[in-house]
file run-v2.pdb (PDB, C-alpha atoms and all ligand atoms)
ATOM      1  CA  MET A   1       8.638  16.308 -17.811  1.00  0.00           C
ATOM      2  CA  THR A   2       9.171  16.118 -14.092  1.00  0.00           C
ATOM      3  CA  GLU A   3       8.945  12.802 -12.377  1.00  0.00           C
ATOM      4  CA  THR A   4       6.011  12.297 -10.067  1.00  0.00           C
ATOM      5  CA  THR A   5       6.421  10.313  -6.907  1.00  0.00           C
ATOM      6  CA  ILE A   6       3.993   9.588  -4.131  1.00  0.00           C
ATOM      7  CA  GLN A   7       5.259  10.739  -0.787  1.00  0.00           C
ATOM      8  CA  MET A   8       3.535   8.106   1.217  1.00  0.00           C
ATOM      9  CA  LEU A   9       4.274   6.682   4.608  1.00  0.00           C
ATOM     10  CA  PHE A  10       2.399   4.107   6.615  1.00  0.00           C
ATOM     11  CA  PRO A  11       2.553   3.871  10.382  1.00  0.00           C
ATOM     12  CA  VAL A  12       4.067   0.806  12.046  1.00  0.00           C
ATOM     13  CA  ASP A  13       3.636  -0.064  15.719  1.00  0.00           C
ATOM     14  CA  ASP A  14       6.182   0.577  18.460  1.00  0.00           C
ATOM     15  CA  GLU A  15       8.020  -2.618  17.608  1.00  0.00           C
ATOM     16  CA  GLY A  16       8.086  -1.962  13.874  1.00  0.00           C
ATOM     17  CA  TYR A  17       5.228  -4.255  12.875  1.00  0.00           C
ATOM     18  CA  PHE A  18       3.141  -3.299   9.858  1.00  0.00           C
ATOM     19  CA  ARG A  19      -0.576  -4.181   9.654  1.00  0.00           C
ATOM     20  CA  ARG A  20      -1.772  -6.389   6.801  1.00  0.00           C
ATOM     21  CA  GLU A  21      -5.157  -7.826   5.856  1.00  0.00           C
ATOM     22  CA  CYS A  22      -5.845 -11.119   4.134  1.00  0.00           C
ATOM     23  CA  PRO A  23      -7.733 -10.617   0.842  1.00  0.00           C
ATOM     24  CA  TYR A  24      -9.573 -13.924   1.435  1.00  0.00           C
ATOM     25  CA  CYS A  25     -10.521 -14.238   5.103  1.00  0.00           C
ATOM     26  CA  ARG A  26     -10.158 -10.481   5.836  1.00  0.00           C
ATOM     27  CA  LYS A  27      -8.380 -11.181   9.101  1.00  0.00           C
ATOM     28  CA  GLU A  28      -5.643  -8.780  10.121  1.00  0.00           C
ATOM     29  CA  PHE A  29      -2.117  -9.601  11.194  1.00  0.00           C
ATOM     30  CA  LYS A  30       1.165  -7.738  11.284  1.00  0.00           C
ATOM     31  CA  VAL A  31       4.528  -8.309   9.717  1.00  0.00           C
ATOM     32  CA  LEU A  32       7.871  -7.185  11.091  1.00  0.00           C
ATOM     33  CA  LEU A  33       9.404  -5.429   8.125  1.00  0.00           C
ATOM     34  CA  GLU A  34      13.044  -5.536   7.261  1.00  0.00           C
ATOM     35  CA  LYS A  35      15.032  -2.636   5.878  1.00  0.00           C
ATOM     36  CA  ASN A  36      13.791  -1.392   2.502  1.00  0.00           C
ATOM     37  CA  GLU A  37      10.691  -3.577   2.498  1.00  0.00           C
ATOM     38  CA  MET A  38       8.387  -0.603   3.064  1.00  0.00           C
ATOM     39  CA  GLY A  39      10.155   1.272   0.275  1.00  0.00           C
ATOM     40  CA  ASP A  40       9.853  -1.710  -2.056  1.00  0.00           C
ATOM     41  CA  MET A  41       6.176  -2.034  -1.269  1.00  0.00           C
ATOM     42  CA  ILE A  42       5.488   1.613  -2.003  1.00  0.00           C
ATOM     43  CA  ARG A  43       7.448   1.417  -5.249  1.00  0.00           C
ATOM     44  CA  GLN A  44       5.407  -1.619  -6.271  1.00  0.00           C
ATOM     45  CA  LEU A  45       2.271   0.324  -5.439  1.00  0.00           C
ATOM     46  CA  GLU A  46       3.396   3.279  -7.526  1.00  0.00           C
ATOM     47  CA  ASP A  47       4.150   0.948 -10.419  1.00  0.00           C
ATOM     48  CA  SER A  48       0.700  -0.545 -10.298  1.00  0.00           C
ATOM     49  CA  TYR A  49      -1.083   2.819 -10.188  1.00  0.00           C
ATOM     50  CA  LEU A  50       1.137   5.176 -12.115  1.00  0.00           C
ATOM     51  CA  ILE A  51       2.041   4.608 -15.675  1.00  0.00           C
ATOM     52  CA  ASP A  52       4.829   6.808 -16.896  1.00  0.00           C
ATOM     53  CA  GLU A  53       6.583   6.821 -20.215  1.00  0.00           C
ATOM     54  CA  SER A  54       9.693   5.146 -18.897  1.00  0.00           C
ATOM     55  CA  SER A  55       7.929   2.101 -17.499  1.00  0.00           C
ATOM     56  CA  GLU A  56       7.520  -0.858 -19.749  1.00  0.00           C
ATOM     57  CA  LEU A  57       4.697  -3.300 -19.872  1.00  0.00           C
ATOM     58  CA  LYS A  58       5.073  -6.282 -17.626  1.00  0.00           C
ATOM     59  CA  THR A  59       5.913  -9.483 -19.404  1.00  0.00           C
ATOM     60  CA  ASP A  60       4.679 -12.886 -18.364  1.00  0.00           C
ATOM     61  CA  ASP A  61       8.163 -13.603 -17.046  1.00  0.00           C
ATOM     62  CA  ASP A  62       7.927 -10.635 -14.667  1.00  0.00           C
ATOM     63  CA  ARG A  63       4.594 -11.838 -13.450  1.00  0.00           C
ATOM     64  CA  GLU A  64       5.880 -15.318 -12.758  1.00  0.00           C
ATOM     65  CA  GLN A  65       8.709 -13.882 -10.698  1.00  0.00           C
ATOM     66  CA  GLU A  66       6.345 -11.981  -8.428  1.00  0.00           C
ATOM     67  CA  ALA A  67       6.571 -13.482  -4.982  1.00  0.00           C
ATOM     68  CA  LEU A  68       3.500 -14.937  -3.365  1.00  0.00           C
ATOM     69  CA  PHE A  69       2.709 -14.526   0.302  1.00  0.00           C
ATOM     70  CA  THR A  70       0.544 -16.700   2.517  1.00  0.00           C
ATOM     71  CA  CYS A  71      -2.159 -15.722   4.974  1.00  0.00           C
ATOM     72  CA  PRO A  72      -1.105 -16.826   8.496  1.00  0.00           C
ATOM     73  CA  TYR A  73      -4.716 -17.808   9.290  1.00  0.00           C
ATOM     74  CA  CYS A  74      -6.336 -19.352   6.219  1.00  0.00           C
ATOM     75  CA  GLY A  75      -3.162 -20.322   4.355  1.00  0.00           C
ATOM     76  CA  GLN A  76      -4.237 -18.899   0.983  1.00  0.00           C
ATOM     77  CA  GLU A  77      -1.667 -17.241  -1.273  1.00  0.00           C
ATOM     78  CA  ALA A  78      -1.681 -13.838  -2.944  1.00  0.00           C
ATOM     79  CA  ASP A  79       0.938 -11.529  -4.428  1.00  0.00           C
ATOM     80  CA  GLY A  80       2.646  -8.808  -2.445  1.00  0.00           C
ATOM     81  CA  ASP A  81       0.215  -6.104  -3.494  1.00  0.00           C
ATOM     82  CA  SER A  82      -2.875  -7.848  -2.116  1.00  0.00           C
ATOM     83  CA  TRP A  83      -2.469  -7.331   1.607  1.00  0.00           C
ATOM     84  CA  TRP A  84      -3.472  -3.710   2.192  1.00  0.00           C
ATOM     85  CA  THR A  85      -5.955  -3.050   4.993  1.00  0.00           C
ATOM     86  CA  GLN A  86      -9.095  -1.004   4.290  1.00  0.00           C
ATOM     87  CA  GLU A  87      -7.572   1.976   6.095  1.00  0.00           C
ATOM     88  CA  GLN A  88      -4.354   1.702   4.112  1.00  0.00           C
ATOM     89  CA  LEU A  89      -6.321   1.513   0.852  1.00  0.00           C
ATOM     90  CA  LEU A  90      -8.229   4.648   1.816  1.00  0.00           C
ATOM     91  CA  HIS A  91      -4.922   6.341   2.567  1.00  0.00           C
ATOM     92  CA  ILE A  92      -3.553   5.273  -0.813  1.00  0.00           C
ATOM     93  CA  ARG A  93      -6.679   6.576  -2.559  1.00  0.00           C
ATOM     94  CA  THR A  94      -6.392   9.965  -0.853  1.00  0.00           C
ATOM     95  CA  HIS A  95      -2.789  10.224  -1.991  1.00  0.00           C
ATOM     96  CA  LEU A  96      -3.721   9.316  -5.544  1.00  0.00           C
ATOM     97  CA  GLU A  97      -6.595  11.801  -5.587  1.00  0.00           C
ATOM     98  CA  ASN A  98      -4.229  14.498  -4.347  1.00  0.00           C
ATOM     99  CA  LEU A  99      -1.800  13.537  -7.050  1.00  0.00           C
ATOM    100  CA  VAL A 100      -4.506  13.870  -9.698  1.00  0.00           C
ATOM    101  CA  ALA A 101      -5.579  17.214  -8.179  1.00  0.00           C
ATOM    102  CA  ASP A 102      -1.974  18.440  -8.380  1.00  0.00           C
ATOM    103  CA  MET A 103      -1.644  17.368 -11.977  1.00  0.00           C
ATOM    104  CA  LEU A 104      -4.932  18.934 -13.045  1.00  0.00           C
ATOM    105  CA  ASN A 105      -4.213  22.181 -11.206  1.00  0.00           C
ATOM    106  CA  GLU A 106      -0.722  22.377 -12.619  1.00  0.00           C
ATOM    107  CA  GLN A 107      -1.405  21.363 -16.184  1.00  0.00           C
ATOM    108  CA  LEU A 108      -4.980  22.450 -16.795  1.00  0.00           C
ATOM    109  CA  ILE A 109      -6.573  24.826 -14.297  1.00  0.00           C
ATOM    110  CA  ARG A 110      -3.621  27.184 -13.777  1.00  0.00           C
ATOM    111  CA  PRO A 111      -2.717  27.571 -17.463  1.00  0.00           C
ATOM    112  CA  LEU A 112      -6.382  28.198 -18.299  1.00  0.00           C
ATOM    113  CA  LYS A 113      -6.580  30.765 -15.531  1.00  0.00           C
ATOM    114  CA  ARG A 114      -3.448  32.472 -16.764  1.00  0.00           C
ATOM    115  CA  LYS A 115      -4.860  32.605 -20.220  1.00  0.00           C
ATOM    116  CA  PHE A 116      -8.495  33.379 -19.597  1.00  0.00           C
ATOM    117  CA  GLY A 117      -8.598  34.427 -15.957  1.00  0.00           C
ATOM    118  CA  ARG A 118      -8.505  38.136 -16.729  1.00  0.00           C
ATOM    119  CA  LYS A 119     -11.353  39.906 -18.374  1.00  0.00           C
ATOM    120  CA  THR A 120     -10.315  40.314 -21.922  1.00  0.00           C
ATOM    121  CA  SER A 121     -11.446  43.125 -24.083  1.00  0.00           C
ATOM    122  CA  GLY A 122     -11.735  42.272 -27.671  1.00  0.00           C
ATOM    123  CA  PRO A 123     -14.121  40.850 -30.139  1.00  0.00           C
ATOM    124  CA  VAL A 124     -14.407  37.662 -28.096  1.00  0.00           C
ATOM    125  CA  SER A 125     -14.471  37.762 -24.334  1.00  0.00           C
ATOM    126  CA  ILE A 126     -13.863  34.557 -22.415  1.00  0.00           C
ATOM    127  CA  ARG A 127     -13.420  34.301 -18.736  1.00  0.00           C
ATOM    128  CA  PHE A 128     -12.340  31.106 -17.070  1.00  0.00           C
ATOM    129  CA  GLU A 129     -13.971  30.621 -13.696  1.00  0.00           C
ATOM    130  CA  GLY A 130     -12.534  27.223 -12.850  1.00  0.00           C
ATOM    131  CA  LYS A 131     -11.449  26.599  -9.310  1.00  0.00           C
ATOM    132  CA  GLU A 132      -8.380  24.655  -8.391  1.00  0.00           C
ATOM    133  CA  MET A 133      -9.082  21.177  -7.128  1.00  0.00           C
ATOM    134  CA  GLU A 134      -8.775  20.930  -3.401  1.00  0.00           C
ATOM    135  CA  LYS A 135      -6.495  18.437  -1.763  1.00  0.00           C
ATOM    136  CA  LYS A 136      -7.486  16.239   1.135  1.00  0.00           C
ATOM    137  CA  LYS A 137      -5.479  15.650   4.247  1.00  0.00           C
ATOM    138  CA  ALA A 138      -3.833  12.263   4.084  1.00  0.00           C
ATOM    139  CA  TRP A 139      -3.656  11.001   7.600  1.00  0.00           C
ATOM    140  CA  MET A 140      -3.608   7.624   9.246  1.00  0.00           C
ATOM    141  CA  SER A 141      -4.133   6.886  12.909  1.00  0.00           C
ATOM    142  CA  PRO A 142      -0.992   5.661  14.675  1.00  0.00           C
ATOM    143  CA  GLU A 143      -0.550   1.914  14.871  1.00  0.00           C
ATOM    144  CA  ALA A 144      -1.415   0.401  18.266  1.00  0.00           C
ATOM    145  CA  SER A 145       0.906  -2.218  19.722  1.00  0.00           C
ATOM    146  CA  ASP A 146      -1.708  -4.947  19.765  1.00  0.00           C
ATOM    147  CA  MET A 147      -1.620  -8.637  18.757  1.00  0.00           C
ATOM    148  CA  LYS A 148       0.762 -11.406  19.771  1.00  0.00           C
ATOM    149  CA  ILE A 149       4.218 -12.051  18.324  1.00  0.00           C
ATOM    150  CA  PHE A 150       4.663 -15.380  16.542  1.00  0.00           C
ATOM    151  CA  ASP A 151       8.149 -16.526  15.560  1.00  0.00           C
ATOM    152  CA  LEU A 152       8.382 -17.959  12.068  1.00  0.00           C
ATOM    153  CA  LEU A 153      11.277 -20.326  12.664  1.00  0.00           C
ATOM    154  CA  CYS A 154      11.192 -21.428   9.020  1.00  0.00           C
ATOM    155  CA  CYS A 155      12.271 -18.016   7.749  1.00  0.00           C
ATOM    156  CA  GLY A 156      13.682 -16.398  10.872  1.00  0.00           C
ATOM    157  CA  ARG A 157      11.001 -13.743  10.630  1.00  0.00           C
ATOM    158  CA  LYS A 158       8.260 -12.576  12.974  1.00  0.00           C
ATOM    159  CA  VAL A 159       4.588 -11.795  12.566  1.00  0.00           C
ATOM    160  CA  LYS A 160       1.926 -10.673  15.000  1.00  0.00           C
ATOM    161  CA  ILE A 161      -1.357 -12.542  15.053  1.00  0.00           C
ATOM    162  CA  GLU A 162      -4.637 -12.287  16.925  1.00  0.00           C
ATOM    163  CA  PRO A 163      -4.045 -13.454  20.517  1.00  0.00           C
ATOM    164  CA  GLU A 164      -7.076 -15.774  20.374  1.00  0.00           C
ATOM    165  CA  TRP A 165      -5.811 -17.641  17.309  1.00  0.00           C
ATOM    166  CA  SER A 166      -4.877 -21.183  18.398  1.00  0.00           C
ATOM    167  CA  GLU A 167      -4.903 -22.986  15.061  1.00  0.00           C
ATOM    168  CA  THR A 168      -2.090 -23.519  12.578  1.00  0.00           C
ATOM    169  CA  VAL A 169      -0.119 -20.398  11.683  1.00  0.00           C
ATOM    170  CA  TYR A 170       1.108 -20.317   8.103  1.00  0.00           C
ATOM    171  CA  CYS A 171       4.337 -18.486   7.371  1.00  0.00           C
ATOM    172  CA  PHE A 172       3.550 -15.267   5.515  1.00  0.00           C
ATOM    173  CA  PHE A 173       6.807 -15.573   3.595  1.00  0.00           C
ATOM    174  CA  CYS A 174       7.178 -19.256   2.688  1.00  0.00           C
ATOM    175  CA  GLY A 175       3.760 -20.721   3.520  1.00  0.00           C
ATOM    176  CA  PHE A 176       5.114 -23.266   6.003  1.00  0.00           C
ATOM    177  CA  PRO A 177       2.266 -24.471   8.264  1.00  0.00           C
ATOM    178  CA  HIS A 178       3.252 -24.120  11.907  1.00  0.00           C
ATOM    179  CA  ALA A 179       1.037 -26.533  13.806  1.00  0.00           C
ATOM    180  CA  ARG A 180       0.106 -25.285  17.250  1.00  0.00           C
ATOM    181  CA  GLY A 181       0.029 -27.460  20.309  1.00  0.00           C
ATOM    182  CA  ALA A 182       2.013 -28.427  23.371  1.00  0.00           C
ATOM    183  CA  ALA A 183       5.253 -28.657  21.455  1.00  0.00           C
ATOM    184  CA  MET A 184       5.696 -26.284  18.590  1.00  0.00           C
ATOM    185  CA  SER A 185       6.911 -28.186  15.589  1.00  0.00           C
ATOM    186  CA  SER A 186       9.886 -26.749  13.841  1.00  0.00           C
ATOM    187  CA  PRO A 187      10.379 -27.025  10.120  1.00  0.00           C
ATOM    188  CA  GLU A 188      12.505 -29.792   8.675  1.00  0.00           C
ATOM    189  CA  ASN A 189      15.701 -28.614   7.173  1.00  0.00           C
TER     190      ASN A 189
HETATM  191 ZN    ZN A 201      -6.668 -15.437   5.213  1.00  0.00          ZN
HETATM  192 ZN    ZN A 202       8.711 -19.294   6.400  1.00  0.00          ZN
END
call {"tool": "encode", "arguments": {"input": "run-v2.pdb", "output": "structure tokens"}}
result
Amino acid sequence: MTETTIQMLFPVDDEGYFRRECPYCRKEFKVLLEKNEMGDMIRQLEDSYLIDESSELKTDDDREQEALFTCPYCGQEADGDSWWTQEQLLHIRTHLENLVADMLNEQLIRPLKRKFGRKTSGPVSIRFEGKEMEKKKAWMSPEASDMKIFDLLCCGRKVKIEPEWSETVYCFFCGFPHARGAAMSSPEN
């Protein structure tokens, strides 16, 4: 059996920031991704949607090792797979629907057509009229370079937040609360 992979790419803005949405407060922010992080995210996504024979069931240990991330605005935690924006989720769904269409066309519609597509002459005449499933265009609008960069000194990482946000910014990676004010507090080491 051939291995199925999702060829999926998500746009980042000019500076490499990737849009995320908090599953709790629904506010959007952006994360500057490091090498391989996009690939890891897409692999995680594939794992959660596609079950193939080689993949094993997750154990409780695996679950406990899943990293939690923190919303910069409301400070609530969720695992890495919880931060897709509505547009990204739509994009993912289109890809998955196309994948299902491919599989059905390949494994069901085409073989049936080959077998029953021609008019057969014989005691029993069956003709298969099924149409192949159509695929949708998977497209996402390019990412605008909006929002304001915020340095996460705790982790040496950067996020982009809404320019109007003046309250505490929680680190997406470690959850450290960065109080805002005249002097920006730096984390204790
Ligand atoms: Zn939030
Ligand atoms: Zn941090």
call {"tool": "closest_atom_pairs", "arguments": {"input": "run-v2.pdb", "of": "chain A", "to": "ligand ZN 201 (chain A)", "cutoff": "9 Å", "atoms": "all atoms listed in the file", "output": "JSON lines"}}
result
{"residue": "A:Glu21", "atom": "CA", "partner": "A:ZN201", "partner_atom": "ZN", "distance": 7.8}
{"residue": "A:Cys22", "atom": "CA", "partner": "A:ZN201", "partner_atom": "ZN", "distance": 4.5}
{"residue": "A:Pro23", "atom": "CA", "partner": "A:ZN201", "partner_atom": "ZN", "distance": 6.6}
{"residue": "A:Tyr24", "atom": "CA", "partner": "A:ZN201", "partner_atom": "ZN", "distance": 5.0}
{"residue": "A:Cys25", "atom": "CA", "partner": "A:ZN201", "partner_atom": "ZN", "distance": 4.0}
{"residue": "A:Arg26", "atom": "CA", "partner": "A:ZN201", "partner_atom": "ZN", "distance": 6.1}
{"residue": "A:Lys27", "atom": "CA", "partner": "A:ZN201", "partner_atom": "ZN", "distance": 6.0}
{"residue": "A:Glu28", "atom": "CA", "partner": "A:ZN201", "partner_atom": "ZN", "distance": 8.3}
{"residue": "A:Thr70", "atom": "CA", "partner": "A:ZN201", "partner_atom": "ZN", "distance": 7.8}
{"residue": "A:Cys71", "atom": "CA", "partner": "A:ZN201", "partner_atom": "ZN", "distance": 4.5}
{"residue": "A:Pro72", "atom": "CA", "partner": "A:ZN201", "partner_atom": "ZN", "distance": 6.6}
{"residue": "A:Tyr73", "atom": "CA", "partner": "A:ZN201", "partner_atom": "ZN", "distance": 5.1}
{"residue": "A:Cys74", "atom": "CA", "partner": "A:ZN201", "partner_atom": "ZN", "distance": 4.1}
{"residue": "A:Gly75", "atom": "CA", "partner": "A:ZN201", "partner_atom": "ZN", "distance": 6.1}
{"residue": "A:Gln76", "atom": "CA", "partner": "A:ZN201", "partner_atom": "ZN", "distance": 6.0}
{"residue": "A:Glu77", "atom": "CA", "partner": "A:ZN201", "partner_atom": "ZN", "distance": 8.4}
call {"tool": "atom_distance", "arguments": {"input": "run-v2.pdb", "atom1": "atom CA of Val159 of chain A", "atom2": "atom CA of Arg43 of chain A"}}
result
22.4 Å
call {"tool": "closest_atom_pairs", "arguments": {"input": "run-v2.pdb", "of": "segment 139-180 of chain A", "to": "segment 84-87 of chain A", "cutoff": "12 Å", "atoms": "all atoms listed in the file", "output": "tab-separated table"}}
result
residue	atom	partner	partner_atom	distance
A:Trp139	CA	A:Glu87	CA	10.0
A:Met140	CA	A:Glu87	CA	7.6
A:Ser141	CA	A:Glu87	CA	9.1
A:Pro142	CA	A:Glu87	CA	11.4
A:Glu143	CA	A:Glu87	CA	11.2
call {"tool": "residues_near_ligand", "arguments": {"input": "run-v2.pdb", "ligand": "ligand ZN 202 (chain A)", "cutoff": "8 Å", "atoms": "only C-alpha atoms and all ligand atoms", "output": "list in words"}}
result
Leu152, Leu153, Cys154, Cys155, Gly156, Arg157, Tyr170, Cys171, Phe172, Phe173, Cys174, Gly175 and Phe176 of chain A
call {"tool": "write_last_selection", "arguments": {"input": "run-v2.pdb", "atoms": "C-alpha atoms", "output": "short mmCIF file (atom, residue, chain, number, x, y, z; two decimals), in the frame of the given file"}}
result
data_model
loop_
_atom_site.label_atom_id
_atom_site.label_comp_id
_atom_site.auth_asym_id
_atom_site.auth_seq_id
_atom_site.Cartn_x
_atom_site.Cartn_y
_atom_site.Cartn_z
CA LEU A 152 8.38 -17.96 12.07
CA LEU A 153 11.28 -20.33 12.66
CA CYS A 154 11.19 -21.43 9.02
CA CYS A 155 12.27 -18.02 7.75
CA GLY A 156 13.68 -16.40 10.87
CA ARG A 157 11.00 -13.74 10.63
CA TYR A 170 1.11 -20.32 8.10
CA CYS A 171 4.34 -18.49 7.37
CA PHE A 172 3.55 -15.27 5.52
CA PHE A 173 6.81 -15.57 3.60
CA CYS A 174 7.18 -19.26 2.69
CA GLY A 175 3.76 -20.72 3.52
CA PHE A 176 5.11 -23.27 6.00
#
call {"tool": "resolve_selection", "arguments": {"input": "run-v2.pdb", "expression": "the PyMOL selection byres (((chain A and resi 137) around 9) and not hetatm)", "output": "PDB file with C-alpha atoms, keeping the file's coordinate frame"}}
result
ATOM      1  CA  THR A  94      -6.392   9.965  -0.853  1.00  0.00           C
ATOM      2  CA  HIS A  95      -2.789  10.224  -1.991  1.00  0.00           C
ATOM      3  CA  ASN A  98      -4.229  14.498  -4.347  1.00  0.00           C
ATOM      4  CA  LYS A 135      -6.495  18.437  -1.763  1.00  0.00           C
ATOM      5  CA  LYS A 136      -7.486  16.239   1.135  1.00  0.00           C
ATOM      6  CA  ALA A 138      -3.833  12.263   4.084  1.00  0.00           C
ATOM      7  CA  TRP A 139      -3.656  11.001   7.600  1.00  0.00           C
TER       8      TRP A 139
END
call {"tool": "residues_near_point", "arguments": {"input": "run-v2.pdb", "point": "(-6.5, 25.2, -3.7)", "cutoff": "12 Å", "atoms": "all atoms listed in the file", "output": "short mmCIF file (atom, residue, chain, number, x, y, z; two decimals) with C-alpha atoms, in the frame of the given file"}}
result
data_model
loop_
_atom_site.label_atom_id
_atom_site.label_comp_id
_atom_site.auth_asym_id
_atom_site.auth_seq_id
_atom_site.Cartn_x
_atom_site.Cartn_y
_atom_site.Cartn_z
CA ASN A 98 -4.23 14.50 -4.35
CA ALA A 101 -5.58 17.21 -8.18
CA ASP A 102 -1.97 18.44 -8.38
CA LEU A 104 -4.93 18.93 -13.04
CA ASN A 105 -4.21 22.18 -11.21
CA GLU A 106 -0.72 22.38 -12.62
CA ILE A 109 -6.57 24.83 -14.30
CA ARG A 110 -3.62 27.18 -13.78
CA GLY A 130 -12.53 27.22 -12.85
CA LYS A 131 -11.45 26.60 -9.31
CA GLU A 132 -8.38 24.66 -8.39
CA MET A 133 -9.08 21.18 -7.13
CA GLU A 134 -8.78 20.93 -3.40
CA LYS A 135 -6.50 18.44 -1.76
CA LYS A 136 -7.49 16.24 1.14
#
call {"tool": "closest_residue", "arguments": {"input": "run-v2.pdb", "among": "A:Asp14, A:Ala67, A:Leu32, A:Trp83", "to": "Leu45 of chain A", "atoms": "all atoms listed in the file"}}
result
A:Trp83
call {"tool": "atom_distance", "arguments": {"input": "run-v2.pdb", "atom1": "atom CA of Phe18 of chain A", "atom2": "atom CA of Val31 of chain A"}}
result
5.2 Å
call {"tool": "resolve_selection", "arguments": {"input": "run-v2.pdb", "expression": "the PyMOL selection byres (((chain A and resi 161) around 8) and not hetatm)", "output": "PDB file with C-alpha atoms, keeping the file's coordinate frame"}}
result
ATOM      1  CA  GLU A  28      -5.643  -8.780  10.121  1.00  0.00           C
ATOM      2  CA  PHE A  29      -2.117  -9.601  11.194  1.00  0.00           C
ATOM      3  CA  LYS A  30       1.165  -7.738  11.284  1.00  0.00           C
ATOM      4  CA  PRO A  72      -1.105 -16.826   8.496  1.00  0.00           C
ATOM      5  CA  MET A 147      -1.620  -8.637  18.757  1.00  0.00           C
ATOM      6  CA  LYS A 148       0.762 -11.406  19.771  1.00  0.00           C
ATOM      7  CA  ILE A 149       4.218 -12.051  18.324  1.00  0.00           C
ATOM      8  CA  PHE A 150       4.663 -15.380  16.542  1.00  0.00           C
ATOM      9  CA  VAL A 159       4.588 -11.795  12.566  1.00  0.00           C
ATOM     10  CA  LYS A 160       1.926 -10.673  15.000  1.00  0.00           C
ATOM     11  CA  GLU A 162      -4.637 -12.287  16.925  1.00  0.00           C
ATOM     12  CA  PRO A 163      -4.045 -13.454  20.517  1.00  0.00           C
ATOM     13  CA  TRP A 165      -5.811 -17.641  17.309  1.00  0.00           C
TER      14      TRP A 165
END
call {"tool": "resolve_selection", "arguments": {"input": "run-v2.pdb", "expression": "the PyMOL selection byres (((chain A and resi 79) around 7) and not hetatm)", "output": "PyMOL selection string"}}
result
chain A and resi 66-69+78+80-82
call {"tool": "atom_distance", "arguments": {"input": "run-v2.pdb", "atom1": "atom CA of Glu46 of chain A", "atom2": "atom CA of Arg19 of chain A"}}
result
19.1 Å
call {"tool": "residues_around", "arguments": {"input": "run-v2.pdb", "residues": "Ser166 of chain A", "least_positions_apart": "2", "cutoff": "9 Å", "atoms": "only C-alpha atoms", "output": "list in words"}}
result
Pro163, Glu164, Thr168, Val169, Arg180 and Gly181 of chain A
call {"tool": "build_atoms", "arguments": {"input": "run-v2.pdb", "residues": "segment 145-149 of chain A", "atoms": "all heavy atoms", "output": "short mmCIF file (atom, residue, chain, number, x, y, z; two decimals), keeping the file's coordinate frame"}}
result
data_model
loop_
_atom_site.label_atom_id
_atom_site.label_comp_id
_atom_site.auth_asym_id
_atom_site.auth_seq_id
_atom_site.Cartn_x
_atom_site.Cartn_y
_atom_site.Cartn_z
N SER A 145 0.06 -1.03 19.53
CA SER A 145 0.91 -2.22 19.72
C SER A 145 0.08 -3.40 20.20
O SER A 145 0.28 -3.93 21.28
CB SER A 145 2.02 -1.93 20.74
OG SER A 145 3.14 -1.43 20.07
N ASP A 146 -0.88 -3.81 19.37
CA ASP A 146 -1.71 -4.95 19.76
C ASP A 146 -1.20 -6.23 19.12
O ASP A 146 -0.17 -6.24 18.48
CB ASP A 146 -3.18 -4.68 19.39
CG ASP A 146 -3.33 -4.40 17.89
OD1 ASP A 146 -2.29 -4.26 17.21
OD2 ASP A 146 -4.46 -4.33 17.42
N MET A 147 -1.90 -7.30 19.31
CA MET A 147 -1.62 -8.64 18.76
C MET A 147 -0.40 -9.30 19.42
O MET A 147 0.35 -8.67 20.16
CB MET A 147 -1.44 -8.59 17.24
CG MET A 147 -2.65 -8.07 16.50
SD MET A 147 -2.57 -8.52 14.75
CE MET A 147 -3.86 -7.48 14.11
N LYS A 148 -0.25 -10.59 19.11
CA LYS A 148 0.76 -11.41 19.77
C LYS A 148 1.85 -11.81 18.78
O LYS A 148 1.56 -12.22 17.66
CB LYS A 148 0.07 -12.66 20.33
CG LYS A 148 0.75 -13.26 21.53
CD LYS A 148 -0.08 -14.38 22.11
CE LYS A 148 0.11 -15.66 21.32
NZ LYS A 148 -0.71 -16.78 21.78
N ILE A 149 3.10 -11.71 19.21
CA ILE A 149 4.22 -12.05 18.32
C ILE A 149 4.27 -13.56 18.10
O ILE A 149 4.12 -14.34 19.03
CB ILE A 149 5.56 -11.56 18.91
CG1 ILE A 149 5.59 -10.02 18.93
CG2 ILE A 149 6.74 -12.10 18.11
CD1 ILE A 149 6.79 -9.43 19.64
#
